[in-house]
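What follows is the content of input.cif, which has mmCIF, C-alpha atoms:
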data_protein
loop_
_atom_site.label_atom_id
_atom_site.label_comp_id
_atom_site.auth_asym_id
_atom_site.auth_seq_id
_atom_site.Cartn_x
_atom_site.Cartn_y
_atom_site.Cartn_z
CA MET U 29 -52.78 246.42 83.04
CA LYS U 30 -52.69 246.13 86.84
CA MET U 31 -54.82 243.51 88.53
CA LYS U 32 -55.39 241.85 91.91
CA ILE U 33 -55.90 238.08 91.81
CA ARG U 34 -57.02 236.11 94.86
CA ILE U 35 -55.21 232.84 95.54
CA ASP U 36 -56.33 229.79 97.52
CA SER U 37 -54.63 226.47 98.04
CA ASN U 38 -54.63 223.34 100.21
CA PHE U 39 -50.90 223.78 100.81
CA VAL U 40 -48.62 226.64 101.71
CA LEU U 41 -47.44 228.25 98.50
CA PRO U 42 -43.73 228.92 98.94
CA GLY U 43 -43.01 232.64 98.84
CA LEU U 44 -46.66 233.43 99.47
CA GLU U 45 -46.94 232.39 103.12
CA GLY U 46 -49.92 234.09 104.79
CA VAL U 47 -50.80 235.97 101.60
CA ASN U 48 -54.03 235.27 99.74
CA GLU U 49 -53.79 237.68 96.84
CA ILE U 50 -51.20 238.94 94.40
CA ASP U 51 -50.88 242.10 92.36
CA LEU U 52 -49.90 241.64 88.75
CA THR U 53 -48.93 244.10 86.07
CA HIS U 54 -49.10 242.72 82.55
CA PRO U 55 -50.81 243.66 79.26
CA HIS U 56 -52.94 240.50 79.23
CA ILE U 57 -53.35 238.65 82.50
CA ASN U 58 -54.30 235.02 82.18
CA LEU U 59 -53.92 231.79 84.17
CA ARG U 60 -50.47 231.12 82.73
CA ILE U 61 -49.19 234.51 83.93
CA VAL U 62 -50.53 233.81 87.43
CA LEU U 63 -48.99 230.33 87.64
CA GLU U 64 -45.67 231.56 86.30
CA GLU U 65 -45.68 234.39 88.84
CA LEU U 66 -46.39 231.94 91.67
CA ALA U 67 -43.58 229.67 90.47
CA LEU U 68 -41.25 232.68 90.38
CA ARG U 69 -42.20 233.70 93.91
CA SER U 70 -41.51 230.16 95.11
CA SER U 71 -37.93 230.59 93.84
CA GLY U 72 -38.38 227.59 91.59
CA ARG U 73 -39.54 225.24 94.37
CA VAL U 74 -42.86 224.68 92.66
CA LYS U 75 -43.36 224.41 88.92
CA PHE U 76 -47.05 224.35 88.12
CA ILE U 77 -46.63 224.19 84.36
CA ARG U 78 -44.57 221.22 83.24
CA PRO U 79 -41.68 222.67 81.20
CA MET U 80 -41.56 219.75 78.74
CA THR U 81 -45.27 219.57 77.97
CA ASP U 82 -46.45 223.13 78.66
CA PHE U 83 -49.52 222.16 80.65
CA VAL U 84 -50.49 221.55 84.29
CA ASP U 85 -50.45 217.82 84.97
CA PRO U 86 -53.77 217.03 86.67
CA MET U 87 -51.98 214.39 88.73
CA ASP U 88 -49.84 217.16 90.23
CA PHE U 89 -52.31 220.01 90.70
CA VAL U 90 -56.02 220.64 90.34
CA ILE U 91 -56.81 224.18 89.20
CA GLU U 92 -60.06 226.07 89.68
CA ILE U 93 -61.02 229.58 88.67
CA ASN U 94 -63.78 231.11 90.77
CA GLY U 95 -64.67 227.59 91.92
CA LEU U 96 -64.94 226.14 88.42
CA PRO U 97 -62.49 223.45 87.26
CA ASN U 98 -59.84 224.48 84.76
CA PRO U 99 -58.08 221.59 82.98
CA GLY U 100 -54.74 223.39 82.95
CA SER U 101 -54.22 222.43 79.31
CA LYS U 102 -52.16 224.59 76.99
CA GLU U 103 -55.31 226.33 75.75
CA ALA U 104 -56.89 226.63 79.20
CA LEU U 105 -53.78 228.36 80.51
CA GLU U 106 -54.53 231.25 78.15
CA MET U 107 -57.88 231.93 79.84
CA GLY U 108 -58.07 235.63 80.65
CA LEU U 109 -58.68 236.71 84.23
CA ASN U 110 -60.53 239.64 85.73
CA GLU U 111 -59.88 241.81 88.76
CA GLY U 112 -60.56 239.87 91.97
CA ASP U 113 -60.82 236.45 90.31
CA LEU U 114 -60.03 233.54 92.61
CA VAL U 115 -57.45 231.00 91.43
CA THR U 116 -57.45 227.82 93.53
CA ILE U 117 -54.55 225.39 93.32
CA LYS U 118 -54.84 222.04 95.06
CA LEU U 119 -52.49 219.11 95.36
CA SER U 120 -54.11 216.32 93.36
CA PRO U 121 -55.32 213.30 95.23
CA LEU U 122 -53.64 210.05 94.17
CA GLY U 123 -56.03 207.26 94.94
CA GLY U 124 -54.25 204.16 93.72
CA GLY U 125 -52.53 201.67 95.91
CA MET X 18 -35.37 190.94 126.26
CA LEU X 19 -34.34 189.83 122.82
CA ILE X 20 -33.65 186.14 122.43
CA GLU X 21 -30.49 184.89 120.71
CA LYS X 22 -32.27 184.19 117.43
CA GLU X 23 -33.59 187.76 117.35
CA LYS X 24 -30.12 189.14 118.04
CA ILE X 25 -28.85 187.29 114.98
CA ARG X 26 -31.84 188.13 112.78
CA TYR X 27 -31.77 191.85 113.55
CA ALA X 28 -27.97 192.16 113.87
CA ARG X 29 -27.71 194.82 111.15
CA GLN X 30 -30.34 196.94 112.92
CA LEU X 31 -28.98 196.36 116.40
CA VAL X 32 -25.62 197.87 115.45
CA MET X 33 -27.35 201.08 114.44
CA PRO X 34 -27.08 203.60 117.28
CA HIS X 35 -30.59 204.81 116.37
CA ILE X 36 -32.01 201.39 117.10
CA GLY X 37 -29.90 199.09 119.29
CA GLU X 38 -31.56 196.61 121.64
CA GLU X 39 -33.80 199.27 123.12
CA GLY X 40 -35.16 200.26 119.72
CA GLN X 41 -35.57 196.68 118.65
CA GLU X 42 -37.59 196.04 121.81
CA LYS X 43 -39.84 198.95 120.83
CA LEU X 44 -40.37 197.37 117.43
CA LYS X 45 -41.04 194.01 119.06
CA HIS X 46 -43.76 195.54 121.20
CA SER X 47 -45.33 197.59 118.41
CA HIS X 48 -48.63 196.91 116.70
CA VAL X 49 -49.10 198.10 113.11
CA LEU X 50 -52.02 197.68 110.76
CA VAL X 51 -51.58 197.52 106.99
CA ALA X 52 -54.87 198.39 105.35
CA GLY X 53 -54.85 196.58 102.03
CA VAL X 54 -52.12 194.28 100.75
CA GLY X 55 -52.03 195.34 97.11
CA GLY X 56 -49.26 197.34 95.42
CA LEU X 57 -48.41 199.43 98.47
CA GLY X 58 -49.35 196.92 101.16
CA SER X 59 -47.41 194.02 99.60
CA LEU X 60 -44.17 195.83 100.02
CA SER X 61 -44.90 197.60 103.29
CA SER X 62 -45.97 194.34 104.95
CA ILE X 63 -42.75 192.62 103.83
CA TYR X 64 -40.57 195.37 105.28
CA LEU X 65 -42.58 195.63 108.49
CA THR X 66 -42.25 191.87 108.92
CA SER X 67 -38.53 191.87 108.29
CA LEU X 68 -38.01 194.84 110.64
CA GLY X 69 -39.51 192.81 113.49
CA ILE X 70 -42.77 194.65 114.14
CA GLY X 71 -44.09 192.48 116.97
CA HIS X 72 -47.74 192.48 115.95
CA LEU X 73 -48.62 193.02 112.32
CA LYS X 74 -52.23 193.10 111.31
CA ILE X 75 -53.08 192.91 107.62
CA VAL X 76 -56.56 193.51 106.29
CA ASP X 77 -57.68 192.81 102.73
CA HIS X 78 -60.78 191.23 101.27
CA GLY X 79 -59.56 190.83 97.69
CA SER X 80 -58.21 187.92 95.69
CA VAL X 81 -55.04 187.78 93.63
CA GLN X 82 -55.50 188.50 89.92
CA MET X 83 -53.07 188.16 87.05
CA SER X 84 -53.13 191.94 86.55
CA ASP X 85 -51.86 192.42 90.13
CA LEU X 86 -48.58 190.69 89.42
CA ASN X 87 -46.87 193.68 87.79
CA ARG X 88 -46.56 195.31 91.22
CA GLN X 89 -47.92 193.19 94.08
CA ILE X 90 -44.72 191.35 94.85
CA LEU X 91 -46.09 189.18 97.64
CA TYR X 92 -47.89 187.04 95.06
CA ASN X 93 -47.08 184.83 92.12
CA GLU X 94 -48.96 182.98 89.40
CA ARG X 95 -49.83 180.08 91.70
CA ASP X 96 -51.73 182.48 93.96
CA ILE X 97 -54.21 183.69 91.35
CA GLY X 98 -57.75 183.41 92.63
CA LEU X 99 -56.67 182.96 96.25
CA LYS X 100 -57.40 185.44 99.04
CA LYS X 101 -54.64 188.01 99.43
CA ALA X 102 -54.94 188.03 103.22
CA ASP X 103 -54.34 184.25 103.36
CA ILE X 104 -51.40 184.28 100.96
CA ALA X 105 -49.87 187.31 102.65
CA TYR X 106 -50.12 185.55 106.02
CA GLU X 107 -48.48 182.43 104.65
CA LYS X 108 -45.58 184.24 102.99
CA LEU X 109 -44.94 186.76 105.74
CA SER X 110 -44.90 183.96 108.33
CA LEU X 111 -42.19 182.22 106.32
CA LEU X 112 -40.19 185.45 106.35
CA ASN X 113 -40.44 185.93 110.11
CA SER X 114 -41.98 183.32 112.40
CA ASP X 115 -41.07 185.25 115.56
CA ILE X 116 -43.71 187.94 115.17
CA LEU X 117 -47.46 187.79 115.47
CA ILE X 118 -49.13 188.20 112.09
CA GLU X 119 -52.86 188.60 112.12
CA SER X 120 -54.54 188.33 108.78
CA ILE X 121 -58.10 189.50 108.36
CA CYS X 122 -60.04 188.87 105.17
CA GLU X 123 -62.62 191.64 105.45
CA GLU X 124 -63.54 194.77 103.58
CA ILE X 125 -62.78 197.85 105.67
CA THR X 126 -66.06 199.61 106.44
CA SER X 127 -67.27 202.25 108.86
CA GLU X 128 -68.94 199.40 110.78
CA ASN X 129 -65.83 197.29 111.43
CA ILE X 130 -63.06 199.89 111.44
CA LEU X 131 -63.01 200.54 115.19
CA ARG X 132 -62.69 196.81 115.85
CA LEU X 133 -59.92 196.51 113.28
CA ILE X 134 -57.81 199.34 114.68
CA LYS X 135 -58.27 198.42 118.34
CA GLY X 136 -54.87 198.42 120.05
CA VAL X 137 -53.07 199.46 116.86
CA GLN X 138 -50.25 202.01 117.15
CA ILE X 139 -49.94 203.04 113.50
CA VAL X 140 -52.07 202.54 110.41
CA ILE X 141 -50.30 202.17 107.06
CA ASP X 142 -52.39 202.98 104.03
CA GLY X 143 -52.35 200.33 101.33
CA THR X 144 -55.85 200.91 100.04
CA ASP X 145 -56.75 201.57 96.44
CA ASN X 146 -59.64 204.00 96.84
CA PHE X 147 -60.52 207.21 98.64
CA GLU X 148 -63.69 205.94 100.26
CA THR X 149 -61.69 203.53 102.45
CA ARG X 150 -59.10 206.20 103.12
CA LEU X 151 -61.78 208.50 104.50
CA ILE X 152 -62.97 205.71 106.80
CA LEU X 153 -59.41 205.13 108.03
CA ASN X 154 -58.86 208.87 108.44
CA LYS X 155 -61.94 209.36 110.58
CA ALA X 156 -61.25 206.36 112.80
CA CYS X 157 -57.58 207.21 113.22
CA PHE X 158 -58.50 210.77 114.16
CA GLU X 159 -61.03 209.57 116.73
CA LYS X 160 -58.62 207.07 118.27
CA LYS X 161 -55.57 209.34 117.92
CA ILE X 162 -53.66 206.83 115.82
CA PRO X 163 -51.04 208.08 113.32
CA TYR X 164 -52.12 207.38 109.76
CA VAL X 165 -49.44 207.07 107.10
CA TYR X 166 -51.08 207.89 103.76
CA GLY X 167 -49.70 206.72 100.43
CA GLY X 168 -51.19 207.06 96.96
CA ILE X 169 -49.98 206.37 93.46
CA PHE X 170 -50.96 207.01 89.85
CA GLY X 171 -48.82 206.18 86.82
CA PHE X 172 -45.30 207.43 87.48
CA LYS X 173 -46.36 209.53 90.46
CA GLY X 174 -46.64 208.87 94.15
CA LYS X 175 -47.59 210.92 97.19
CA MET X 176 -47.37 210.30 100.90
CA THR X 177 -47.64 212.00 104.25
CA THR X 178 -48.19 211.20 107.90
CA PHE X 179 -51.36 212.44 109.54
CA LEU X 180 -50.99 212.86 113.28
CA PRO X 181 -54.39 213.47 114.90
CA GLY X 182 -54.47 216.78 116.73
CA ARG X 183 -51.17 217.94 115.26
CA THR X 184 -51.54 217.94 111.51
CA PRO X 185 -54.25 218.46 108.93
CA CYS X 186 -56.15 215.29 108.08
CA ILE X 187 -56.85 213.75 104.69
CA GLU X 188 -60.24 215.47 104.51
CA CYS X 189 -58.51 218.84 104.93
CA LEU X 190 -56.70 218.08 101.68
CA TYR X 191 -59.47 216.29 99.84
CA PRO X 192 -62.88 217.21 101.22
CA LYS X 193 -64.85 216.09 98.18
CA LYS X 194 -65.55 212.51 97.28
CA GLU X 195 -63.03 211.68 94.59
CA GLU X 196 -63.96 210.09 91.29
CA VAL X 197 -63.35 206.37 91.05
CA VAL X 198 -60.91 205.51 88.27
CA PRO X 199 -61.73 201.98 87.03
CA VAL X 200 -58.16 201.02 86.12
CA ILE X 201 -55.39 202.97 87.81
CA PRO X 202 -52.26 203.03 85.66
CA VAL X 203 -49.14 202.05 87.59
CA VAL X 204 -45.67 200.58 87.25
CA GLY X 205 -44.39 198.48 90.16
CA PRO X 206 -41.50 200.66 91.33
CA ILE X 207 -43.84 203.54 92.21
CA PRO X 208 -45.88 201.74 94.90
CA GLY X 209 -42.60 200.04 95.85
CA LEU X 210 -40.97 203.39 96.54
CA ILE X 211 -43.94 204.94 98.31
CA ALA X 212 -44.52 201.85 100.46
CA THR X 213 -40.86 201.80 101.45
CA LEU X 214 -41.10 205.42 102.55
CA GLN X 215 -44.30 204.67 104.47
CA VAL X 216 -42.48 201.95 106.41
CA LEU X 217 -39.62 204.32 107.11
CA GLU X 218 -42.13 206.80 108.53
CA ALA X 219 -43.68 204.10 110.72
CA LEU X 220 -40.25 202.98 111.90
CA LYS X 221 -39.31 206.51 112.98
CA LEU X 222 -42.63 207.06 114.70
CA ILE X 223 -42.17 203.87 116.73
CA LEU X 224 -38.58 204.68 117.60
CA GLY X 225 -39.29 208.38 118.16
CA LEU X 226 -36.45 209.58 115.99
CA GLY X 227 -35.68 211.70 112.97
CA ASP X 228 -37.81 214.14 111.04
CA SER X 229 -41.02 212.72 109.76
CA LEU X 230 -43.38 214.00 107.11
CA VAL X 231 -45.70 215.35 109.76
CA GLY X 232 -47.51 218.31 108.16
CA ARG X 233 -45.63 217.86 104.89
CA LEU X 234 -46.70 215.97 101.81
CA LEU X 235 -44.05 214.29 99.72
CA SER X 236 -44.68 214.06 96.01
CA PHE X 237 -42.52 211.96 93.70
CA ASP X 238 -42.48 212.18 89.93
CA GLY X 239 -40.85 209.12 88.40
CA GLU X 240 -40.67 210.70 84.96
CA THR X 241 -38.48 213.55 86.11
CA MET X 242 -37.11 211.84 89.24
CA VAL X 243 -38.06 214.90 91.29
CA PHE X 244 -39.12 214.72 94.93
CA SER X 245 -41.15 217.73 96.08
CA TYR X 246 -42.42 218.65 99.53
CA PHE X 247 -45.46 220.73 100.36
CA ASP X 248 -46.51 222.11 103.73
CA ILE X 249 -50.14 221.15 103.94
CA LYS X 250 -52.82 223.28 105.59
CA LYS X 251 -55.65 222.58 107.97
CA ARG X 252 -58.93 223.38 106.27
CA PRO X 253 -61.25 225.58 108.31
CA GLY X 254 -64.53 223.77 108.71
CA CYS X 255 -63.09 220.29 108.15
CA ARG X 256 -65.76 217.92 109.47
CA ILE X 257 -63.13 215.60 110.95
CA CYS X 258 -60.44 217.69 112.59
CA SER X 259 -61.58 221.29 112.88
CA ALA X 260 -64.13 220.78 115.64
#
Let me see whether you can do it: turn the structure in this file into structure tokens.
Amino acid sequence: MKMKIRIDSNFVLPGLEGVNEIDLTHPHINLRIVLEELALRSSGRVKFIRPMTDFVDPMDFVIEINGLPNPGSKEALEMGLNEGDLVTIKLSPLGGG
Amino acid sequence: MLIEKEKIRYARQLVMPHIGEEGQEKLKHSHVLVAGVGGLGSLSSIYLTSLGIGHLKIVDHGSVQMSDLNRQILYNERDIGLKKADIAYEKLSLLNSDILIESICEEITSENILRLIKGVQIVIDGTDNFETRLILNKACFEKKIPYVYGGIFGFKGKMTTFLPGRTPCIECLYPKKEEVVPVIPVVGPIPGLIATLQVLEALKLILGLGDSLVGRLLSFDGETMVFSYFDIKKRPGCRICSA
């Protein structure tokens, strides 16, 4: 399956400078595939999914799909995506001091 | 001119080619505000005092609590219940009596912020909530004052330097009002590390040297000991800095 996914972020995604969509070819495209692809394009500079725990730490990144929050949990990473879906990745705010 | 006592006190800095007497004079004539003397502000105010920042203003309206003592190293058990601004003034003055320390026991609000930052060269973030950070951000942008942000949670810390007119601002990154977490988990070394880096940023800004975190956000993960850097983006339509 070939699909175009739109990407938005509050920081420059390494390897994706000036680009706001990616083309993916995979039998079942889900959030995990997108985040792994983005990590690959960053040449390992950014790891969205924590290797040890297999989820996105909400204190690292906040994920939204089409403007709706996605917890980035192991199960949520399997959420299937559709052509033109918007995946937003934001650096999490740390409010403590 | 540095007096003899200052030459002895700052001897280890004066021998650094980056600083020397000229740099030390710059520090002596600088004016820095530490907003909040909690986990971050405790440590940053100690280092700013020992560096010889000529005019240090500390603002905090809170009192010392037992649960602060795991990270707020300016205080001890005898200080519980006392105003942080008063204790900080007392202890910082003992560390360096040659600088002007101004301690203000007030909550930072949109009403008093312009008075508080008047004449200040750099604002160091030591607050514990986003509401105050947004007030600092707006005022610093208006008055073109560099704002050195720091934030912590658990084993993680983040920091960057916002330079009005040159970099995105904090509202570019976090435009929505953030949820208030009643008890923020934290171990002392994390605010210690982030505060130390904030002071380093302030030092370089005053001296005009080195590469700062202007336009880049540093993220530290204490579990994996990984430092990451992210180039942050201006947000079109930001109500503070995109006009």
Inset, instruction - Name the closest residue to Val140 of chain X among the candidates X:Gly69, X:Pro163, X:Gly209, X:Gly37; distances are taken between atoms, counting only C-alpha atoms. - result: X:Pro163
How would you write, as a short mmCIF file (atom, residue, chain, number, x, y, z; two decimals) with C-alpha atoms, in the frame of the given file, the residues chosen by the PyMOL selection byres ((chain U) within 6 of (chain X)) on this structure?
data_model
loop_
_atom_site.label_atom_id
_atom_site.label_comp_id
_atom_site.auth_asym_id
_atom_site.auth_seq_id
_atom_site.Cartn_x
_atom_site.Cartn_y
_atom_site.Cartn_z
CA ASN U 38 -54.63 223.34 100.21
CA PHE U 39 -50.90 223.78 100.81
CA VAL U 40 -48.62 226.64 101.71
CA LEU U 122 -53.64 210.05 94.17
CA GLY U 123 -56.03 207.26 94.94
CA GLY U 124 -54.25 204.16 93.72
CA GLY U 125 -52.53 201.67 95.91
#
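Note that the spacing between atom CA of Gln215 of chain X and atom CA of Asp115 of chain X amounts to 22.6 Å.
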Legend entry - For atom CA of Asp51 of chain U and atom CA of Lys30 of chain U, the interatomic separation in Å (one decimal): 7.1 Å
With 4 Å on each side, where is the centre of the axis-aligned box around all listed atoms of segment 61-64 of chain U, and how long are its edges in Å to one decimal, as JSON?
{"center_x": -48.1, "center_y": 232.4, "center_z": 85.8, "size_x": 12.9, "size_y": 12.2, "size_z": 11.7}
Legend entry - Hits from the PyMOL selection byres ((chain U and resi 52) around 12), listed as a VMD selection string: chain U and resid 29 to 34 49 to 51 53 to 59 61 to 66 109 to 112
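With all atoms listed in the file as the basis for measurement, U:Leu119 is the residue among U:Gly108, U:Leu41, U:Leu119, U:Lys75 that approaches Asp88 of chain U most closely.
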Legend entry - Evaluate the PyMOL selection byres ((chain U and resi 43) around 6) and report residues as a list in words: Pro42, Leu44, Glu45, Arg69 and Ser70 of chain U
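Restricting the calculation to only C-alpha atoms, the smallest distance between Ser37 of chain U and any of U:Asp113, U:Ala104, U:Glu92, U:Pro79 is found for U:Glu92.
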Legend entry - From X:Val51, X:Ile130, X:Ile90, X:Leu226, residue lying nearest Pro206 of chain X [only C-alpha atoms]: X:Ile90
Inset, instruction - Grab the atom CA of Cys122 of chain X to atom CA of Leu153 of chain X distance for me, in Å with one decimal place. - result: 16.5 Å
Please provide as a PDB file with C-alpha atoms, keeping the file's coordinate frame all residues within 10 Å of Lys100 of chain X, with the sequence filter that same-chain residues fewer than 4 positions apart are discarded (counting only C-alpha atoms).
ATOM      1  CA  ASP X  77     -57.680 192.810 102.730  1.00  0.00           C
ATOM      2  CA  HIS X  78     -60.780 191.230 101.270  1.00  0.00           C
ATOM      3  CA  GLY X  79     -59.560 190.830  97.690  1.00  0.00           C
ATOM      4  CA  SER X  80     -58.210 187.920  95.690  1.00  0.00           C
ATOM      5  CA  VAL X  81     -55.040 187.780  93.630  1.00  0.00           C
ATOM      6  CA  GLN X  82     -55.500 188.500  89.920  1.00  0.00           C
ATOM      7  CA  ASP X  96     -51.730 182.480  93.960  1.00  0.00           C
ATOM      8  CA  ILE X 104     -51.400 184.280 100.960  1.00  0.00           C
ATOM      9  CA  ALA X 105     -49.870 187.310 102.650  1.00  0.00           C
ATOM     10  CA  CYS X 122     -60.040 188.870 105.170  1.00  0.00           C
TER      11      CYS X 122
END
How about completing segment 25-39 of chain X with N, CA and C atoms and giving it to me as a short mmCIF file (atom, residue, chain, number, x, y, z; two decimals), in the frame of the given file?
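Resulting contents of selection-v3.cif:
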data_model
loop_
_atom_site.label_atom_id
_atom_site.label_comp_id
_atom_site.auth_asym_id
_atom_site.auth_seq_id
_atom_site.Cartn_x
_atom_site.Cartn_y
_atom_site.Cartn_z
N ILE X 25 -29.50 187.63 116.26
CA ILE X 25 -28.85 187.29 114.98
C ILE X 25 -29.66 187.88 113.83
N ARG X 26 -30.97 187.66 113.87
CA ARG X 26 -31.84 188.13 112.78
C ARG X 26 -31.73 189.65 112.57
N TYR X 27 -31.73 190.38 113.67
CA TYR X 27 -31.77 191.85 113.55
C TYR X 27 -30.38 192.49 113.74
N ALA X 28 -29.33 191.67 113.58
CA ALA X 28 -27.97 192.16 113.87
C ALA X 28 -27.64 193.48 113.16
N ARG X 29 -28.05 193.60 111.91
CA ARG X 29 -27.71 194.82 111.15
C ARG X 29 -28.47 196.04 111.67
N GLN X 30 -29.59 195.82 112.32
CA GLN X 30 -30.34 196.94 112.92
C GLN X 30 -29.80 197.25 114.32
N LEU X 31 -29.43 196.18 115.02
CA LEU X 31 -28.98 196.36 116.40
C LEU X 31 -27.70 197.18 116.47
N VAL X 32 -26.87 197.09 115.41
CA VAL X 32 -25.62 197.87 115.45
C VAL X 32 -25.84 199.34 115.14
N MET X 33 -27.06 199.67 114.71
CA MET X 33 -27.35 201.08 114.44
C MET X 33 -27.61 201.80 115.76
N PRO X 34 -26.87 202.89 116.01
CA PRO X 34 -27.08 203.60 117.28
C PRO X 34 -28.52 204.10 117.45
N HIS X 35 -29.20 204.34 116.31
CA HIS X 35 -30.59 204.81 116.37
C HIS X 35 -31.53 203.72 116.89
N ILE X 36 -31.11 202.48 116.75
CA ILE X 36 -32.01 201.39 117.10
C ILE X 36 -31.47 200.63 118.33
N GLY X 37 -30.44 199.85 118.16
CA GLY X 37 -29.90 199.09 119.29
C GLY X 37 -30.94 198.16 119.88
N GLU X 38 -30.60 197.56 121.01
CA GLU X 38 -31.56 196.61 121.64
C GLU X 38 -32.82 197.31 122.12
N GLU X 39 -32.63 198.53 122.60
CA GLU X 39 -33.80 199.27 123.12
C GLU X 39 -34.81 199.55 122.01
#
